[in-house]
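Source file: start.txt (compact mmCIF, C-alpha atoms and all ligand atoms)
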# COMPACT_ATOMS: atom_id res chain seq x y z
CA MET A 1 147.22 -245.80 -4.55
CA SER A 2 147.08 -245.44 -0.80
CA SER A 3 144.88 -242.79 0.76
CA ARG A 4 146.57 -239.43 1.34
CA THR A 5 145.50 -236.14 2.86
CA ILE A 6 146.46 -232.57 1.93
CA VAL A 7 145.38 -229.71 4.17
CA VAL A 8 145.61 -226.20 2.74
CA CYS A 9 146.38 -223.71 5.51
CA GLY A 10 147.47 -220.11 5.94
CA LYS A 11 146.45 -216.60 6.87
CA GLY A 12 143.05 -215.30 5.73
CA GLY A 13 143.02 -213.89 2.21
CA VAL A 14 146.30 -215.43 0.97
CA GLY A 15 144.58 -217.64 -1.60
CA LYS A 16 143.86 -220.98 0.14
CA THR A 17 140.41 -221.35 -1.40
CA THR A 18 141.60 -220.22 -4.83
CA ILE A 19 144.43 -222.75 -4.79
CA SER A 20 142.15 -225.49 -3.42
CA ALA A 21 139.66 -224.77 -6.23
CA MET A 22 142.44 -225.01 -8.82
CA LEU A 23 143.53 -228.32 -7.30
CA CYS A 24 139.93 -229.58 -7.42
CA ARG A 25 139.72 -228.56 -11.08
CA ARG A 26 142.81 -230.65 -11.79
CA LEU A 27 141.73 -233.61 -9.67
CA ALA A 28 138.19 -233.82 -11.05
CA ALA A 29 139.81 -234.35 -14.45
CA ALA A 30 142.07 -237.15 -13.15
CA PRO A 31 139.95 -240.31 -13.25
CA SER A 32 142.72 -242.39 -11.66
CA VAL A 33 142.58 -240.31 -8.47
CA ARG A 34 139.34 -240.45 -6.49
CA THR A 35 139.30 -237.23 -4.48
CA LEU A 36 137.31 -236.09 -1.49
CA ALA A 37 137.38 -232.28 -1.29
CA VAL A 38 136.36 -230.81 2.06
CA ASP A 39 135.35 -227.19 2.51
CA ALA A 40 136.35 -226.81 6.14
CA ASP A 41 135.88 -223.05 6.21
CA HIS A 42 132.52 -222.28 7.79
CA ALA A 43 132.14 -219.32 5.45
CA GLY A 44 131.93 -221.87 2.60
CA GLY A 45 134.17 -220.31 -0.07
CA LEU A 46 135.29 -223.51 -1.82
CA GLY A 47 131.73 -224.56 -2.67
CA LEU A 48 131.19 -221.16 -4.27
CA ALA A 49 134.45 -221.35 -6.25
CA LEU A 50 133.40 -224.80 -7.53
CA GLY A 51 129.76 -223.91 -8.14
CA LEU A 52 128.68 -226.63 -5.69
CA ASP A 53 126.10 -225.80 -3.07
CA PRO A 54 125.12 -228.99 -1.25
CA ASP A 55 121.83 -229.10 0.67
CA ILE A 56 123.35 -231.24 3.38
CA THR A 57 126.53 -230.24 5.20
CA LEU A 58 128.48 -231.83 8.02
CA ARG A 59 126.65 -229.45 10.34
CA HIS A 60 123.32 -231.07 9.36
CA VAL A 61 124.76 -234.54 9.84
CA ARG A 62 125.97 -233.55 13.31
CA GLU A 63 122.68 -231.94 14.36
CA GLN A 64 120.48 -234.74 13.00
CA SER A 65 122.65 -237.36 14.65
CA LEU A 66 122.43 -235.64 18.02
CA ALA A 67 118.64 -235.37 17.65
CA GLU A 68 118.51 -239.07 16.84
CA LEU A 69 120.59 -239.91 19.86
CA GLU A 70 118.47 -237.75 22.16
CA SER A 71 115.19 -239.19 20.86
CA HIS A 72 116.61 -242.69 21.44
CA VAL A 73 116.01 -243.73 17.84
CA ALA A 74 119.62 -244.78 17.86
CA SER A 75 119.91 -246.42 21.21
CA ARG A 76 123.00 -248.39 20.38
CA LYS A 77 126.31 -246.87 19.33
CA ALA A 78 126.39 -249.16 16.31
CA ASP A 79 123.04 -247.78 15.10
CA LEU A 80 124.30 -244.23 15.43
CA HIS A 81 127.48 -245.07 13.59
CA GLN A 82 125.54 -246.60 10.74
CA SER A 83 123.19 -243.63 10.38
CA VAL A 84 126.09 -241.15 10.53
CA GLU A 85 127.85 -243.02 7.72
CA TYR A 86 124.65 -243.03 5.69
CA ARG A 87 124.10 -239.31 6.22
CA LEU A 88 127.71 -238.48 5.36
CA ALA A 89 127.35 -240.34 2.08
CA GLU A 90 124.20 -238.30 1.38
CA ALA A 91 126.11 -235.07 2.05
CA LEU A 92 128.54 -235.72 -0.82
CA THR A 93 128.18 -233.87 -4.12
CA GLU A 94 129.96 -235.57 -7.01
CA ARG A 95 131.74 -234.00 -9.94
CA ASP A 96 133.55 -236.51 -12.16
CA SER A 97 136.19 -238.21 -9.98
CA LEU A 98 135.75 -235.69 -7.18
CA ALA A 99 133.31 -235.75 -4.26
CA PHE A 100 132.68 -232.59 -2.29
CA LEU A 101 131.73 -232.20 1.37
CA ALA A 102 131.08 -228.90 3.17
CA LEU A 103 131.35 -228.41 6.91
CA GLY A 104 128.70 -225.69 6.96
CA ARG A 105 128.16 -222.97 9.50
CA SER A 106 127.64 -224.28 13.01
CA GLU A 107 124.73 -222.44 14.56
CA ALA A 108 123.25 -224.82 17.07
CA GLN A 109 124.31 -224.49 20.67
CA GLY A 110 124.83 -227.41 22.94
CA CYS A 111 127.17 -230.29 23.47
CA PHE A 112 127.96 -232.47 20.53
CA CYS A 113 130.53 -234.58 22.37
CA ALA A 114 128.38 -237.70 22.10
CA VAL A 115 128.28 -237.54 18.31
CA ASN A 116 131.67 -235.96 17.63
CA ALA A 117 133.64 -239.12 18.29
CA VAL A 118 131.32 -241.13 16.02
CA LEU A 119 131.50 -238.40 13.38
CA LYS A 120 135.28 -238.30 13.49
CA ARG A 121 135.47 -242.07 13.02
CA ALA A 122 132.96 -241.95 10.17
CA LEU A 123 134.90 -239.11 8.50
CA ALA A 124 138.15 -241.04 8.79
CA HIS A 125 136.42 -244.06 7.24
CA LEU A 126 134.97 -241.94 4.43
CA SER A 127 138.34 -240.36 3.73
CA SER A 128 140.04 -243.78 3.61
CA GLN A 129 137.76 -244.74 0.72
CA PHE A 130 139.33 -242.04 -1.46
CA ASP A 131 142.82 -241.86 -2.96
CA LEU A 132 143.16 -238.27 -1.86
CA THR A 133 141.45 -236.00 0.66
CA LEU A 134 141.92 -232.29 0.11
CA VAL A 135 140.90 -229.94 2.92
CA ASP A 136 140.50 -226.19 2.42
CA ALA A 137 141.02 -225.15 6.04
CA GLU A 138 139.80 -221.98 7.70
CA ALA A 139 142.36 -219.29 8.48
CA GLY A 140 144.61 -219.90 11.45
CA LEU A 141 145.52 -222.85 13.58
CA GLU A 142 142.25 -224.21 14.91
CA GLN A 143 141.71 -227.09 12.55
CA ILE A 144 145.20 -228.46 13.08
CA ASN A 145 144.31 -228.55 16.75
CA ARG A 146 140.76 -229.71 16.47
CA ASP A 147 141.53 -232.83 14.53
CA VAL A 148 138.84 -232.42 11.90
CA VAL A 149 141.09 -234.62 9.83
CA GLY A 150 143.37 -237.44 10.87
CA ASP A 151 146.97 -237.73 9.72
CA ILE A 152 148.09 -235.04 7.31
CA ASP A 153 150.44 -236.18 4.57
CA LEU A 154 151.04 -232.71 3.19
CA LEU A 155 150.40 -229.53 5.09
CA LEU A 156 150.21 -227.08 2.21
CA LEU A 157 151.03 -223.67 3.62
CA VAL A 158 149.96 -220.77 1.45
CA SER A 159 151.46 -217.32 1.83
CA ASP A 160 151.59 -214.14 -0.17
CA THR A 161 154.69 -211.95 -0.18
CA SER A 162 153.91 -210.31 3.18
CA VAL A 163 156.02 -211.10 6.24
CA LYS A 164 152.79 -211.35 8.24
CA SER A 165 151.44 -214.22 6.16
CA LEU A 166 154.81 -215.99 6.22
CA ARG A 167 154.78 -215.76 10.02
CA VAL A 168 151.29 -217.28 10.14
CA ALA A 169 152.49 -220.13 7.89
CA GLU A 170 155.46 -220.70 10.21
CA ALA A 171 153.24 -220.68 13.31
CA ILE A 172 150.98 -223.31 11.73
CA GLN A 173 153.98 -225.42 10.74
CA LYS A 174 155.39 -225.16 14.26
CA LEU A 175 152.13 -226.26 15.85
CA ALA A 176 151.70 -229.13 13.39
CA THR A 177 155.25 -230.29 14.15
CA ARG A 178 154.73 -230.02 17.90
CA LEU A 179 151.51 -232.04 17.66
CA GLY A 180 153.10 -234.52 15.28
CA ARG A 181 150.26 -233.88 12.85
CA ALA A 182 151.92 -233.54 9.45
CA ARG A 183 154.24 -235.92 7.61
CA SER A 184 155.46 -233.09 5.41
CA CYS A 185 155.02 -229.36 4.93
CA GLY A 186 155.45 -227.26 1.83
CA LEU A 187 155.09 -223.60 0.99
CA LEU A 188 153.26 -222.10 -1.99
CA ILE A 189 153.85 -218.39 -2.45
CA ASN A 190 150.83 -216.85 -4.12
CA ARG A 191 150.50 -213.70 -6.21
CA VAL A 192 154.15 -213.27 -7.20
CA ASP A 193 155.21 -212.50 -10.72
CA ASP A 194 158.73 -213.85 -11.03
CA ASP A 195 161.12 -216.41 -9.70
CA ALA A 196 163.48 -213.82 -8.18
CA THR A 197 160.70 -212.35 -6.03
CA ALA A 198 159.58 -215.82 -4.92
CA ARG A 199 163.16 -216.73 -3.95
CA ALA A 200 163.60 -213.46 -2.04
CA VAL A 201 160.40 -214.17 -0.08
CA HIS A 202 161.48 -217.75 0.55
CA GLN A 203 164.79 -216.53 2.04
CA ARG A 204 162.80 -215.39 5.06
CA THR A 205 161.58 -218.85 6.01
CA SER A 206 162.82 -222.42 6.32
CA ILE A 207 159.59 -224.03 5.05
CA PRO A 208 160.44 -226.05 1.92
CA LEU A 209 159.25 -224.21 -1.20
CA LEU A 210 156.92 -226.17 -3.49
CA GLY A 211 156.42 -223.33 -5.95
CA TRP A 212 154.92 -219.92 -6.60
CA ILE A 213 151.67 -218.85 -8.24
CA PRO A 214 151.38 -215.70 -10.33
CA GLN A 215 148.74 -213.04 -9.95
CA ASP A 216 146.27 -214.08 -12.66
CA ASP A 217 143.55 -211.97 -14.32
CA GLU A 218 141.58 -215.10 -15.20
CA VAL A 219 141.30 -215.92 -11.48
CA THR A 220 140.09 -212.36 -10.82
CA ARG A 221 137.50 -212.70 -13.61
CA PHE A 222 136.20 -216.06 -12.39
CA ASP A 223 136.00 -214.71 -8.86
CA ALA A 224 134.14 -211.55 -9.94
CA GLU A 225 131.62 -213.55 -11.99
CA ALA A 226 131.35 -216.42 -9.45
CA ARG A 227 132.10 -218.87 -12.26
CA PRO A 228 132.96 -222.46 -11.27
CA PHE A 229 136.70 -223.12 -11.47
CA PHE A 230 135.95 -226.40 -13.28
CA GLU A 231 135.26 -224.24 -16.35
CA MET A 232 138.64 -222.49 -16.25
CA SER A 233 141.02 -223.20 -19.13
CA ASP A 234 144.72 -223.65 -18.48
CA THR A 235 146.03 -220.31 -17.33
CA PRO A 236 149.35 -219.27 -15.72
CA ALA A 237 148.01 -219.78 -12.17
CA THR A 238 146.50 -223.25 -12.85
CA ILE A 239 149.65 -224.35 -14.67
CA ALA A 240 151.81 -223.24 -11.72
CA VAL A 241 149.55 -225.03 -9.21
CA ASP A 242 149.53 -228.22 -11.30
CA ARG A 243 153.32 -228.11 -11.63
CA ALA A 244 153.98 -227.48 -7.94
CA LEU A 245 151.69 -230.28 -6.75
CA ALA A 246 151.92 -232.81 -9.59
CA PRO A 247 154.37 -235.18 -7.88
CA PHE A 248 152.20 -235.29 -4.79
CA LEU A 249 148.81 -235.42 -6.49
CA LEU A 250 149.50 -238.09 -8.98
CA GLY A 251 151.84 -240.10 -6.81
CA ASP A 252 154.79 -240.05 -9.23
N1 LIG B 1 146.81 -215.98 -8.01
C1 LIG B 1 145.78 -215.13 -7.88
N2 LIG B 1 145.50 -214.25 -8.88
C2 LIG B 1 144.48 -213.37 -8.75
N3 LIG B 1 143.68 -213.30 -7.67
C3 LIG B 1 143.90 -214.14 -6.64
C4 LIG B 1 144.96 -215.10 -6.69
N4 LIG B 1 144.94 -215.79 -5.53
C5 LIG B 1 143.92 -215.30 -4.80
N5 LIG B 1 143.30 -214.31 -5.45
C6 LIG B 1 142.15 -213.52 -4.96
O1 LIG B 1 142.40 -213.15 -3.62
C7 LIG B 1 141.21 -213.17 -2.85
C8 LIG B 1 141.42 -214.04 -1.61
O2 LIG B 1 141.64 -215.37 -2.03
P1 LIG B 1 141.02 -216.63 -1.25
O3 LIG B 1 141.41 -217.82 -2.04
O4 LIG B 1 139.58 -216.43 -0.96
O5 LIG B 1 141.85 -216.55 0.12
P2 LIG B 1 141.70 -217.44 1.45
O6 LIG B 1 140.91 -218.65 1.12
O7 LIG B 1 143.11 -217.74 1.85
O8 LIG B 1 141.03 -216.55 2.45
C9 LIG B 1 140.11 -213.66 -3.77
O9 LIG B 1 139.39 -212.55 -4.24
C10 LIG B 1 140.86 -214.34 -4.91
O10 LIG B 1 140.16 -214.26 -6.14
MG MG B 2 139.13 -219.40 2.02
Rewrite the structure from the file as structure tokens, please.
Ligand SMILES: Nc1ncnc2c1ncn2[C@@H]1O[C@H](COP(=O)(O)OP(=O)(O)O)[C@@H](O)[C@H]1O
Ligand SMILES: [Mg+2]
Amino acid sequence: MSSRTIVVCGKGGVGKTTISAMLCRRLAAAPSVRTLAVDADHAGGLGLALGLDPDITLRHVREQSLAELESHVASRKADLHQSVEYRLAEALTERDSLAFLALGRSEAQGCFCAVNAVLKRALAHLSSQFDLTLVDAEAGLEQINRDVVGDIDLLLLVSDTSVKSLRVAEAIQKLATRLGRARSCGLLINRVDDDATARAVHQRTSIPLLGWIPQDDEVTRFDAEARPFFEMSDTPATIAVDRALAPFLLGD
């Protein structure tokens, strides 16, 4: 299977992390698909939903690499590249067929331009070693712009039933189209309870509909108890997510 990238985007609070966690649950149990899951929200919600709390984040890799460059330990670009790749590999937490990488909160000030290009190349290389890269993006448009990830095969736009969140999804789609960043876009409408409501919401937008996810008490319970989504049994929300994304995830 060739390497593909899904980026989960949308307004804050619509369910991006919840849906990403349900996708990770599915993918970790699919040995034929090696997945790299990236928590690209600096607040770090996906790690919490998965019960993964890595000691090393991309932020550490960036800061250590800059320190190395400034202390001239890595005097040649090739040395820096090698140590960045090594550190990135160390930052991965594995769970069955899934590897997890967190961006982490960026606290340090200063210019990271010298390492950013190397980091971007190393990330692209890392991602190419997996069948699938799944990115839980932060709210808004920034990460489409910032090129944290390379080509996006599926821009997964999540919205609830509010017009506001649909407009945010459309704005992200528009920007991605203008920048030529996404090969395809699809909409998941979260927290709706029937097909008629989902269709009525979808009438207000031209983004292709992949499916809708019901409001689910099991999700609420897992969230309240901070239980890892890997432990969740099949429930209406997970079944709906699996169904909506199955053709894309498993390459059928
Ligand atoms: N289908 C759902 N059923 C029940 N609760 C949900 C569902 N989707 C999201 N939530 C809840 O909504 C809140 C926001 O979801 P979250 O995934 O963190 O949003 P985002 O990542 O887009 O900011 C969380 O408390 C989450 O548990
Ligand atoms: Mg989130």
Find the residues around segment 126-134 of chain A up to 6 Å (only C-alpha atoms counted), leave out those fewer than 6 positions away in its own chain, and share them as a PyMOL selection string. chain A and resi 2-7+33-37
Could you jot down the atom CA of Pro214 of chain A to atom CA of Arg183 of chain A separation for me, Å, one decimal place? 27.2 Å
Could you tell me, counting all atoms listed in the file, which protein and nucleic acid residues lie no more than 12 Å from ligand MG 2 (chain B), written as a ChimeraX atom specification? /A:8-21,38-49,135-140,158
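Look at Ser159 of chain A: the protein and nucleic acid residues within 7 Å of it, using only C-alpha atoms and passing over chain neighbours fewer than 3 places away, are Gly10, Val14, Ser165, Leu166, Ala169, Leu188, Ile189 and Asn190 of chain A.
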Go through A:Arg191, A:Arg62, A:Arg221, A:His125 and flag the residue nearest ligand LIG 1 (chain B), using all atoms listed in the file for the distances. A:Arg191
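We find atom CA of Leu119 of chain A and atom CA of Thr57 of chain A to be spaced 12.6 Å apart.
Distance-wise, atom CA of Asp234 of chain A and atom CA of Gly186 of chain A end up 23.3 Å apart.
Closest approach to ligand LIG 1 (chain B) from the set A:Pro208, A:Pro228, A:Pro236, A:Gly180 is made by A:Pro236, with distances taken over all atoms listed in the file.
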Looking at only C-alpha atoms, which of A:Gln173, A:Gln64, A:Ser97, A:Ser162 is the one that sits closest to Ser83 of chain A?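 The closest residue to Ser83 of chain A is A:Gln64.
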Please determine an axis-aligned box that encloses all atoms of ligand LIG 1 (chain B) listed in the file, with 3 Å added on each side, and express its centre and edge lengths in Å to one decimal as lines of an AutoDock Vina configuration file.
center_x = 143.1
center_y = -215.6
center_z = -3.2
size_x = 13.4
size_y = 12.1
size_z = 17.3
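Candidate residues A:Ile172, A:Ser184, A:Thr161, A:His60 were compared for distance to Ile213 of chain A, and the nearest is A:Thr161, using all atoms listed in the file.
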Between A:Glu70, A:Glu231, A:Phe100, A:Leu187, which residue has the minimum interatomic distance to Val168 of chain A, considering all atoms listed in the file?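 Going through A:Glu70, A:Glu231, A:Phe100, A:Leu187 one by one, the smallest distance to Val168 of chain A is for A:Leu187.
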Do you know which residues are at most 8 Å from Gly51 of chain A counting all atoms listed in the file, after dropping those on the same chain fewer than 6 positions away, and could you put them as a ChimeraX atom specification? /A:226-229
Write a file of the just-selected residues containing C-alpha atoms, as an mmCIF file, in the frame of the given file.
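Listed below is the output, out-v9.cif:
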data_model
loop_
_atom_site.group_PDB
_atom_site.id
_atom_site.type_symbol
_atom_site.label_atom_id
_atom_site.label_comp_id
_atom_site.auth_asym_id
_atom_site.auth_seq_id
_atom_site.Cartn_x
_atom_site.Cartn_y
_atom_site.Cartn_z
ATOM 1 C CA ALA A 226 131.350 -216.420 -9.450
ATOM 2 C CA ARG A 227 132.100 -218.870 -12.260
ATOM 3 C CA PRO A 228 132.960 -222.460 -11.270
ATOM 4 C CA PHE A 229 136.700 -223.120 -11.470
#
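Shortest separation to ligand LIG 1 (chain B) among A:Ala171, A:Leu98, A:Ala244, A:Leu157 occurs at residue A:Leu157, atoms counted being all atoms listed in the file.
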